[in-house]
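Student: structure.txt is reproduced below (compact mmCIF, C-alpha atoms).
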# COMPACT_ATOMS: atom_id res chain seq x y z
CA MET V 14 -23.38 5.74 14.92
CA ASN V 15 -21.53 7.25 17.90
CA ARG V 16 -18.93 9.82 16.88
CA PRO V 17 -16.12 11.23 19.01
CA PRO V 18 -16.58 14.81 20.13
CA GLU V 19 -13.36 15.90 18.47
CA LEU V 20 -10.80 14.65 16.02
CA PRO V 21 -8.14 12.48 17.72
CA GLU V 22 -4.54 13.58 17.52
CA GLU V 23 -2.81 12.57 14.33
CA PRO V 24 -0.21 9.93 15.29
CA GLU V 25 3.46 10.17 14.46
CA GLN V 26 4.74 8.92 11.13
CA GLN V 27 5.76 5.31 11.86
CA ALA V 28 6.02 1.62 10.67
CA LEU V 29 4.63 -2.02 10.60
CA PHE V 30 5.56 -5.72 10.19
CA GLY V 31 6.60 -8.76 7.85
CA TRP V 32 7.01 -12.70 7.03
CA GLU V 33 8.88 -15.56 5.03
CA ASP V 34 8.84 -18.05 2.04
CA THR V 35 9.64 -21.72 1.91
CA VAL V 36 10.78 -21.86 5.49
CA PRO V 37 12.19 -24.46 7.87
CA ALA V 38 9.92 -25.81 10.57
CA ASP V 39 10.88 -23.04 12.99
CA PRO V 40 12.31 -20.18 10.92
CA PRO V 41 14.94 -17.97 12.53
CA ASP V 42 13.87 -14.45 13.47
CA ARG V 43 15.78 -11.93 11.33
CA GLY V 44 15.62 -9.49 14.26
CA GLY V 45 17.73 -6.41 14.77
CA GLY V 46 17.98 -3.63 12.20
CA PHE V 47 15.23 -1.13 11.76
CA ARG V 48 12.63 -3.77 12.58
CA GLY V 49 13.74 -3.69 16.21
CA SER V 50 14.01 0.09 16.48
CA PRO V 51 11.85 2.28 18.74
CA ARG V 52 10.38 4.00 15.69
CA ALA V 53 9.24 0.70 14.22
CA ARG V 54 7.78 -0.39 17.56
CA ARG V 55 5.82 2.85 17.84
CA MET V 56 4.08 2.01 14.60
CA LEU V 57 2.93 -1.38 15.83
CA ASN V 58 2.56 -2.00 19.54
CA VAL V 59 0.53 -5.20 19.33
CA ARG V 60 -1.64 -5.87 22.37
CA GLU V 61 -4.08 -8.37 20.89
CA VAL V 62 -3.96 -11.00 18.16
CA TYR V 63 -6.87 -12.63 16.36
CA ALA V 64 -5.79 -15.77 14.55
CA GLU V 65 -7.12 -18.74 12.63
CA PRO V 66 -5.97 -22.07 14.14
CA ALA V 67 -4.11 -23.03 10.96
CA ALA V 68 -2.24 -19.72 11.04
CA LEU V 69 -1.19 -20.33 14.64
CA ALA V 70 0.14 -23.78 13.74
CA SER V 71 2.17 -22.60 10.75
CA PRO V 72 5.93 -21.85 10.86
CA ARG V 73 5.28 -18.22 9.97
CA GLY V 74 2.58 -17.90 12.60
CA ARG V 75 4.88 -19.33 15.27
CA GLN V 76 7.62 -16.94 14.18
CA ILE V 77 5.33 -13.92 14.48
CA LEU V 78 3.99 -14.92 17.90
CA ALA V 79 7.51 -15.58 19.17
CA ARG V 80 8.15 -11.86 18.68
CA LEU V 81 5.02 -11.02 20.71
CA PRO V 82 5.53 -12.75 24.07
CA GLY V 83 2.64 -12.36 26.46
CA VAL V 84 0.24 -10.90 23.91
CA PRO V 85 -3.22 -12.53 24.25
CA VAL V 86 -4.41 -14.53 21.24
CA THR V 87 -8.06 -15.05 20.35
CA GLU V 88 -8.77 -17.90 17.94
CA VAL V 89 -11.29 -17.07 15.22
CA ALA V 90 -12.92 -19.20 12.54
CA GLY V 91 -11.93 -16.80 9.77
CA HIS V 92 -9.90 -13.63 9.39
CA TRP V 93 -12.33 -11.80 7.14
CA ARG V 94 -15.30 -11.27 9.47
CA ILE V 95 -14.53 -10.91 13.17
CA PRO V 96 -17.71 -9.51 14.83
CA SER V 97 -15.98 -7.74 17.71
CA LEU V 98 -13.61 -6.10 15.25
CA HIS V 99 -15.23 -5.57 11.87
CA GLY V 100 -18.84 -5.57 13.02
CA ASN V 101 -18.62 -3.12 15.91
CA ASP V 102 -19.37 0.48 14.95
CA GLY V 103 -17.93 1.61 18.29
CA ASN V 104 -14.51 0.83 16.82
CA ILE V 105 -14.65 3.81 14.46
CA ALA V 106 -13.45 6.20 17.16
CA ARG V 107 -10.52 3.81 17.75
CA TRP V 108 -9.59 3.54 14.04
CA THR V 109 -5.88 4.32 14.40
CA ARG V 110 -5.52 2.74 17.84
CA ILE V 111 -6.76 -0.58 16.48
CA LYS V 112 -4.21 -0.32 13.65
CA THR V 113 -1.49 0.17 16.27
CA GLU V 114 -2.52 -2.52 18.74
CA THR V 115 -4.33 -5.26 16.80
CA LEU V 116 -2.93 -7.95 14.52
CA VAL V 117 -4.86 -10.59 12.60
CA LEU V 118 -3.26 -13.82 11.36
CA GLY V 119 -4.95 -15.87 8.68
CA VAL V 120 -4.39 -18.38 5.91
CA ARG V 121 -5.02 -17.16 2.39
CA GLN V 122 -7.47 -19.56 0.76
CA SER V 123 -7.78 -17.96 -2.67
CA LEU V 124 -4.55 -18.34 -4.64
CA ILE V 125 -5.49 -16.63 -7.89
CA THR V 126 -3.36 -14.40 -10.10
CA ARG V 127 -5.52 -11.86 -11.94
CA PRO V 128 -4.71 -9.96 -15.13
CA ASN V 129 -4.28 -6.21 -14.71
CA GLY V 130 -2.54 -4.44 -17.59
CA ARG V 131 -2.32 -1.03 -15.90
CA SER V 132 0.25 -0.82 -13.15
CA ALA V 133 1.28 -4.45 -13.60
CA ASP V 134 0.62 -7.30 -15.99
CA TRP V 135 -0.72 -9.43 -13.15
CA ILE V 136 -2.01 -9.03 -9.59
CA ALA V 137 -0.49 -11.80 -7.47
CA PRO V 138 -2.27 -13.13 -4.38
CA GLY V 139 -1.13 -10.78 -1.64
CA ALA V 140 0.55 -11.82 1.59
CA SER V 141 -1.42 -9.28 3.62
CA ASN V 142 -4.65 -7.34 3.72
CA GLY V 143 -5.02 -4.05 5.54
CA CYS V 144 -2.29 -1.91 7.02
CA ALA V 145 -1.00 -0.24 10.18
CA MET V 146 -0.96 3.07 8.34
CA ALA V 147 -4.17 5.09 8.13
CA CYS V 148 -4.62 6.75 4.74
CA ALA V 149 -8.08 8.28 4.74
CA TYR V 150 -8.76 7.38 1.09
CA CYS V 151 -7.64 3.72 1.28
CA TYR V 152 -9.88 1.36 -0.68
CA VAL V 153 -9.04 -1.76 1.37
CA PRO V 154 -11.42 -1.18 4.34
CA ARG V 155 -14.46 -0.38 2.19
CA ARG V 156 -15.91 -3.87 2.60
CA LYS V 157 -14.56 -4.63 6.07
CA GLY V 158 -16.71 -2.53 8.35
CA TYR V 159 -15.48 -0.57 11.32
CA ALA V 160 -11.83 -1.57 11.70
CA ASN V 161 -8.96 -2.27 9.33
CA PRO V 162 -5.86 -3.58 11.12
CA ILE V 163 -3.31 -5.55 9.19
CA THR V 164 -4.05 -9.19 8.43
CA LEU V 165 -0.95 -11.25 7.67
CA PHE V 166 -1.30 -14.50 5.74
CA THR V 167 1.02 -17.13 7.15
CA ASN V 168 0.95 -19.60 4.24
CA ILE V 169 3.60 -17.62 2.39
CA GLU V 170 5.22 -20.76 0.96
CA ALA V 171 1.95 -21.63 -0.84
CA ILE V 172 1.61 -18.06 -2.16
CA ILE V 173 5.15 -18.11 -3.55
CA ALA V 174 4.76 -21.58 -5.05
CA HIS V 175 1.63 -20.40 -6.86
CA VAL V 176 3.40 -17.30 -8.21
CA ARG V 177 6.37 -19.35 -9.41
CA ARG V 178 4.07 -21.71 -11.32
CA HIS V 179 2.22 -18.80 -12.88
CA VAL V 180 5.42 -17.04 -13.99
CA ARG V 181 6.82 -20.18 -15.54
CA SER V 182 3.58 -20.89 -17.38
CA GLN V 183 3.79 -17.50 -19.13
CA GLY V 184 7.19 -18.07 -20.69
CA PRO V 185 9.21 -15.03 -21.85
CA LYS V 186 7.39 -11.75 -22.51
CA SER V 187 7.16 -11.43 -26.28
CA GLU V 188 6.04 -7.80 -26.65
CA PRO V 189 6.77 -4.67 -24.60
CA ASN V 190 3.86 -2.84 -22.96
CA GLN V 191 3.30 0.00 -20.52
CA CYS V 192 4.00 -2.30 -17.56
CA ASP V 193 7.51 -3.21 -18.67
CA PRO V 194 9.33 -3.74 -21.97
CA HIS V 195 10.86 -7.11 -21.06
CA ALA V 196 9.51 -8.69 -17.85
CA TRP V 197 6.08 -9.81 -16.71
CA VAL V 198 5.27 -7.49 -13.80
CA TYR V 199 3.45 -8.91 -10.75
CA ASP V 200 1.96 -6.59 -8.14
CA ILE V 201 2.65 -8.34 -4.83
CA GLY V 202 1.09 -5.75 -2.49
CA GLU V 203 -2.34 -4.86 -3.85
CA ASN V 204 -4.11 -4.70 -0.47
CA GLY V 205 -1.28 -3.83 1.89
CA ASP V 206 2.12 -2.17 2.12
CA CYS V 207 5.04 -4.57 1.77
CA SER V 208 7.49 -2.14 3.41
CA VAL V 209 5.37 -2.07 6.53
CA ASP V 210 4.66 -5.82 6.51
CA ASP V 211 8.41 -6.40 6.75
CA LEU V 212 8.49 -4.95 10.25
CA ILE V 213 6.88 -8.00 11.77
CA CYS V 214 8.03 -10.92 9.62
CA ASP V 215 9.77 -11.96 6.40
CA ASN V 216 6.95 -12.34 3.86
CA THR V 217 8.21 -9.38 1.85
CA ALA V 218 11.80 -10.64 2.01
CA ASP V 219 10.71 -14.07 0.81
CA LEU V 220 8.77 -12.64 -2.12
CA ILE V 221 11.73 -10.48 -3.18
CA ALA V 222 14.02 -13.50 -2.94
CA ALA V 223 11.64 -15.57 -5.06
CA PHE V 224 11.52 -13.01 -7.88
CA ARG V 225 15.30 -12.75 -7.82
CA GLU V 226 15.27 -16.28 -9.24
CA LEU V 227 12.61 -15.57 -11.91
CA PRO V 228 14.38 -13.97 -14.90
CA THR V 229 11.20 -13.43 -16.93
CA ALA V 230 9.29 -11.62 -14.17
CA LYS V 231 9.51 -8.66 -11.84
CA ALA V 232 7.74 -7.99 -8.52
CA SER V 233 6.18 -4.58 -7.93
CA PHE V 234 4.69 -2.86 -4.91
CA ALA V 235 3.65 0.65 -3.97
CA THR V 236 4.65 2.03 -0.59
CA LYS V 237 4.25 5.09 1.59
CA PHE V 238 6.73 3.88 4.19
CA VAL V 239 10.53 3.99 4.10
CA ASN V 240 11.89 0.80 5.66
CA PRO V 241 15.71 0.76 5.46
CA ASP V 242 15.79 -2.98 6.20
CA LEU V 243 14.64 -3.57 2.61
CA LEU V 244 17.96 -2.20 1.37
CA ALA V 245 19.68 -5.43 2.47
CA LEU V 246 17.40 -7.81 0.52
CA ASP V 247 19.42 -7.84 -2.74
CA PRO V 248 16.59 -7.74 -5.33
CA GLN V 249 19.04 -7.66 -8.25
CA GLY V 250 16.69 -5.56 -10.37
CA ARG V 251 13.79 -8.02 -10.11
CA THR V 252 11.63 -5.86 -7.79
CA ARG V 253 10.13 -2.46 -8.59
CA VAL V 254 9.38 -0.13 -5.66
CA ARG V 255 6.80 2.55 -6.40
CA PHE V 256 7.02 5.38 -3.88
CA SER V 257 3.61 7.05 -3.63
CA VAL V 258 3.90 10.84 -3.42
CA MET V 259 1.53 13.79 -3.17
CA PRO V 260 1.85 17.42 -2.04
CA ALA V 261 3.00 17.66 1.57
CA ASP V 262 -0.14 19.45 2.80
CA ASP V 263 -2.34 16.71 1.31
CA SER V 264 -0.15 14.03 2.86
CA ARG V 265 -0.27 15.58 6.33
CA LEU V 266 -4.07 15.59 6.15
CA LEU V 267 -4.70 12.29 4.39
CA ASP V 268 -1.63 10.02 4.79
CA LEU V 269 -1.73 9.43 8.52
CA ARG V 270 1.04 7.28 10.04
CA THR V 271 3.11 7.21 6.85
CA SER V 272 6.66 8.36 6.15
CA PRO V 273 6.78 12.06 5.22
CA VAL V 274 6.76 12.61 1.46
CA ALA V 275 10.20 14.25 1.59
CA GLU V 276 11.59 11.11 3.22
CA ARG V 277 10.10 8.89 0.50
CA ILE V 278 11.68 11.04 -2.21
CA ALA V 279 15.04 11.15 -0.45
CA ALA V 280 15.07 7.33 -0.17
CA ALA V 281 14.76 6.74 -3.91
CA ALA V 282 18.49 6.84 -4.65
CA ASP V 283 19.32 4.45 -1.80
CA PHE V 284 16.77 1.93 -3.08
CA LEU V 285 18.06 2.20 -6.64
CA ASP V 286 21.63 1.66 -5.44
CA ALA V 287 20.45 -1.38 -3.43
CA GLY V 288 19.21 -3.06 -6.63
CA TYR V 289 15.57 -1.99 -6.89
CA GLU V 290 13.91 -0.36 -9.84
CA VAL V 291 12.37 2.85 -8.49
CA HIS V 292 9.19 4.39 -9.88
CA PHE V 293 6.69 6.87 -8.43
CA ASN V 294 2.95 6.87 -7.94
CA LEU V 295 1.44 10.35 -8.14
CA SER V 296 -1.39 9.16 -6.00
CA PRO V 297 -4.03 10.00 -5.28
CA VAL V 298 -4.49 13.30 -7.05
CA VAL V 299 -7.02 15.21 -4.93
CA LEU V 300 -8.64 18.21 -6.59
CA ARG V 301 -9.08 21.18 -4.26
CA PRO V 302 -8.19 24.88 -4.34
CA GLY V 303 -4.49 25.31 -5.03
CA TRP V 304 -3.89 21.75 -6.21
CA GLN V 305 -2.05 22.81 -9.38
CA ARG V 306 0.35 25.06 -7.48
CA ASP V 307 1.12 22.38 -4.91
CA TRP V 308 1.68 19.64 -7.49
CA ALA V 309 4.03 21.96 -9.38
CA GLU V 310 6.01 22.45 -6.15
CA LEU V 311 6.14 18.69 -5.59
CA LEU V 312 7.42 18.09 -9.12
CA ASP V 313 10.07 20.77 -8.56
CA GLN V 314 11.07 18.95 -5.38
CA LEU V 315 11.46 15.68 -7.29
CA ASP V 316 13.56 17.46 -9.90
CA ASP V 317 15.77 19.11 -7.29
CA VAL V 318 16.32 16.13 -4.99
CA LEU V 319 16.59 13.11 -7.29
CA PRO V 320 20.00 12.40 -8.82
CA GLY V 321 20.37 11.75 -12.52
CA ARG V 322 20.63 7.96 -12.13
CA VAL V 323 17.17 7.85 -10.52
CA LYS V 324 15.64 10.13 -13.15
CA ALA V 325 17.10 8.05 -15.98
CA GLN V 326 15.08 4.95 -15.03
CA ALA V 327 12.07 6.54 -13.32
CA ALA V 328 8.49 6.34 -14.50
CA ALA V 329 5.21 7.39 -12.90
CA GLU V 330 1.63 6.32 -12.52
CA ILE V 331 -1.03 8.99 -12.08
CA ILE V 332 -4.01 7.85 -10.03
CA MET V 333 -6.93 10.21 -9.53
CA LEU V 334 -8.89 9.95 -6.30
CA THR V 335 -11.66 7.36 -6.09
CA HIS V 336 -13.80 7.40 -2.95
CA ASN V 337 -16.67 5.40 -1.47
CA GLN V 338 -19.88 6.20 0.40
CA GLN V 339 -19.31 3.64 3.17
CA LEU V 340 -15.73 4.77 3.75
CA HIS V 341 -16.93 8.38 3.76
CA GLU V 342 -19.30 7.56 6.62
CA VAL V 343 -16.59 5.73 8.57
CA ASN V 344 -14.16 8.61 8.09
CA LEU V 345 -16.69 11.07 9.47
CA GLY V 346 -16.37 9.20 12.77
CA TRP V 347 -12.60 9.45 13.14
CA HIS V 348 -11.21 12.01 10.67
CA PRO V 349 -13.94 14.37 9.39
CA ARG V 350 -11.45 16.99 8.23
CA ALA V 351 -10.25 14.61 5.53
CA GLU V 352 -13.75 14.37 4.11
CA GLU V 353 -13.79 18.11 3.47
CA VAL V 354 -11.48 17.46 0.50
CA LEU V 355 -12.25 13.81 -0.29
CA TRP V 356 -16.03 14.06 -0.48
CA GLN V 357 -17.01 16.54 -3.21
CA PRO V 358 -20.43 15.49 -4.61
CA ALA V 359 -20.59 18.46 -6.99
CA ALA V 360 -17.45 17.27 -8.76
CA GLN V 361 -17.90 13.49 -8.46
CA GLU V 362 -20.00 10.79 -10.09
CA THR V 363 -20.76 7.20 -9.14
CA LYS V 364 -18.75 4.32 -10.55
CA ARG V 365 -19.36 0.58 -10.21
CA SER V 366 -16.02 -1.11 -9.51
CA GLU V 367 -14.90 -4.51 -10.76
CA ASN V 368 -15.86 -6.11 -7.43
CA GLY V 369 -19.35 -4.61 -7.54
CA ALA V 370 -18.81 -1.81 -5.02
CA LEU V 371 -20.41 1.57 -5.73
CA ASN V 372 -17.66 4.18 -5.62
CA VAL V 373 -17.42 7.85 -6.53
CA ARG V 374 -14.83 9.43 -8.80
CA TYR V 375 -14.36 12.81 -10.41
CA ALA V 376 -16.81 13.47 -13.23
CA ARG V 377 -15.47 12.52 -16.64
CA ASP V 378 -14.85 16.05 -17.93
CA ILE V 379 -13.27 17.20 -14.65
CA LYS V 380 -10.99 14.17 -14.53
CA ARG V 381 -9.97 14.55 -18.19
CA ASP V 382 -9.06 18.22 -17.74
CA ALA V 383 -7.17 17.56 -14.50
CA LEU V 384 -5.11 14.77 -16.05
CA ALA V 385 -4.25 16.96 -19.01
CA ARG V 386 -3.17 19.77 -16.69
CA LEU V 387 -1.05 17.44 -14.54
CA ARG V 388 0.71 16.12 -17.64
CA GLU V 389 1.46 19.73 -18.60
CA LEU V 390 2.92 20.35 -15.15
CA ILE V 391 5.11 17.25 -15.45
CA ALA V 392 6.37 18.38 -18.86
CA GLU V 393 7.22 21.78 -17.41
CA HIS V 394 8.67 20.87 -14.01
CA ALA V 395 9.95 17.26 -14.37
CA PRO V 396 10.24 16.54 -18.11
CA TRP V 397 12.36 13.45 -17.43
CA LEU V 398 9.44 11.74 -15.64
CA ARG V 399 7.80 9.32 -18.06
CA VAL V 400 4.12 8.64 -17.34
CA ARG V 401 3.46 4.92 -17.69
CA TYR V 402 -0.27 5.24 -17.24
CA ALA V 403 -2.94 7.53 -15.81
CA PHE V 404 -6.15 6.33 -14.24
Could you rewrite the structure in this file as structure tokens?
Tutor:
Amino acid sequence: MNRPPELPEEPEQQALFGWEDTVPADPPDRGGGFRGSPRARRMLNVREVYAEPAALASPRGRQILARLPGVPVTEVAGHWRIPSLHGNDGNIARWTRIKTETLVLGVRQSLITRPNGRSADWIAPGASNGCAMACAYCYVPRRKGYANPITLFTNIEAIIAHVRRHVRSQGPKSEPNQCDPHAWVYDIGENGDCSVDDLICDNTADLIAAFRELPTAKASFATKFVNPDLLALDPQGRTRVRFSVMPADDSRLLDLRTSPVAERIAAAADFLDAGYEVHFNLSPVVLRPGWQRDWAELLDQLDDVLPGRVKAQAAAEIIMLTHNQQLHEVNLGWHPRAEEVLWQPAAQETKRSENGALNVRYARDIKRDALARLRELIAEHAPWLRVRYAF
């Protein structure tokens, strides 16, 4: 594996792209707003597109390409394995550049809603896979190889139709649980960031609109990017935004190309006032010298900045770091400093995930003690913050 002689510059905090639902043959481009701003364009300056033929022929695919005039398009048989992209170890040194300049368009074949029971009741089939941001701990690229640009699925109308059928088949929620006391909660962004997707098309807008018409269900997605265009989508309380937060020093090292943590916190009130439910992901919790002090400072920041109306409805998920041997090796090629805190063999043990991957997590006793300590810090510094679940 060829590795760059030095760590590339960390890019500016920036943005991504989006899609639509049941659309007319040639959907209008929403255009304008933050999506058309210089900051959004810095996040995604697409210079090459890989696309399945069916994606190119779809209304959503045509809409996306209409916003990318002159960009070369390479047709591929499938979005999942593109040899020049995912199979080329020389791409590791270009990890963030590929995220900036490359877009993949595909058609989602597997329309399956899976039970979850932790963050959400159900995991809906996502409208994207991968991201233009570059979080060093992200689980999505673990099975992809040497590049992880965003893949947008253009058959959004089929995804939404599937979700509608699933919601209606459940009927009303009969018993409250940690996901929500009244509504069935569907995670719509498991393998991407819906706020960033919205910068290129209207998939996120279409999903939010669909859940607005489903009184027994609620959409949910985690995000590390503040996209003010989402404030105009009128979710009417049927979409939960979970802003992921961590201490600022951790974020600067690990959350490359994301909105600064302070900006995510400051946006919470605006999103609540725009009709979203606003929760927080304390995620991931990375154990390193000084972690307790820095998390206490972050909790104080939440307590100081958030107005009472946000605190009254807020809840949190605590997610301890899980890492992966293959991702560790990839990271060594583009961001080795991150691995100094992410890869801690003396404190970690192997874990077989649900999809069969061999991951590493903090040893049982270490994780138990850290979770207990973080709960104590929450009780002391942000006692209003209800913990929905910890993992």
Student: For a quick check of understanding, using all atoms listed in the file, which of V:Val254, V:Ala106, V:Asn142, V:Lys380 has the smallest distance to Ala327 in chain V?
Tutor: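 Ranked by minimum distance to Ala327 in chain V, first place goes to V:Val254.
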Student: Nearest residue to Asp215 in chain V out of V:Gln357, V:Ser141, V:Thr113, V:Gln191, using all atoms listed in the file?
Tutor: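 Closest candidate: V:Ser141.
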Student: Any idea what's packed within 8 Å of range 316-318 of chain V, counting all atoms listed in the file, ignoring anything in its chain fewer than 6 positions away? Could you give it as a list in words?
Tutor: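 After dropping sequence-adjacent residues, the list is Ile278, Ala279, His394 and Ala395 of chain V.
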Student: What would the file look like if the residues just selected were written as a PDB file, in the frame of the given file with C-alpha atoms?
Tutor:
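Saved as part18.pdb:
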ATOM      1  CA  ILE V 278      11.680  11.040  -2.210  1.00  0.00           C
ATOM      2  CA  ALA V 279      15.040  11.150  -0.450  1.00  0.00           C
ATOM      3  CA  HIS V 394       8.670  20.870 -14.010  1.00  0.00           C
ATOM      4  CA  ALA V 395       9.950  17.260 -14.370  1.00  0.00           C
TER       5      ALA V 395
END
Student: Given only C-alpha atoms as the basis, pick out the residue of V:Ala287, V:Val84, V:Leu267, V:Ala235 nearest to Asn204 in chain V.
Tutor: V:Ala235
Student: Quick one: residues within 10 Å of (10.8, 9.9, 3.0) (file frame), counting all atoms listed in the file, please, as a PyMOL selection string.
Tutor: chain V and resi 237-240+256+258+271-281
Student: What is the CA of Ala309 in chain V-CA of Leu390 in chain V distance in Å, reported with one decimal?
Tutor: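 Distance between the two atoms: 6.1 Å.
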Student: Which is closest to His348 in chain V among V:Leu269, V:Val62, V:Ile111, V:Leu78, if we use all atoms listed in the file?
Tutor: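 Residue with the minimum atom-to-atom distance to His348 in chain V: V:Leu269.
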Student: Compile the contact shell of Arg110 in chain V as a VMD selection string: residues with an atom at most 10 Å away, counting only C-alpha atoms, same-chain residues fewer than 6 positions apart removed.
Tutor: chain V and resid 24 57 to 58 104 145 160 162
Student: With C-alpha atoms retained, could you export that selection as a CSV table (one decimal), in the frame of the given file?
Tutor:
chain,number,residue,atom,x,y,z
V,24,PRO,CA,-0.2,9.9,15.3
V,57,LEU,CA,2.9,-1.4,15.8
V,58,ASN,CA,2.6,-2.0,19.5
V,104,ASN,CA,-14.5,0.8,16.8
V,145,ALA,CA,-1.0,-0.2,10.2
V,160,ALA,CA,-11.8,-1.6,11.7
V,162,PRO,CA,-5.9,-3.6,11.1
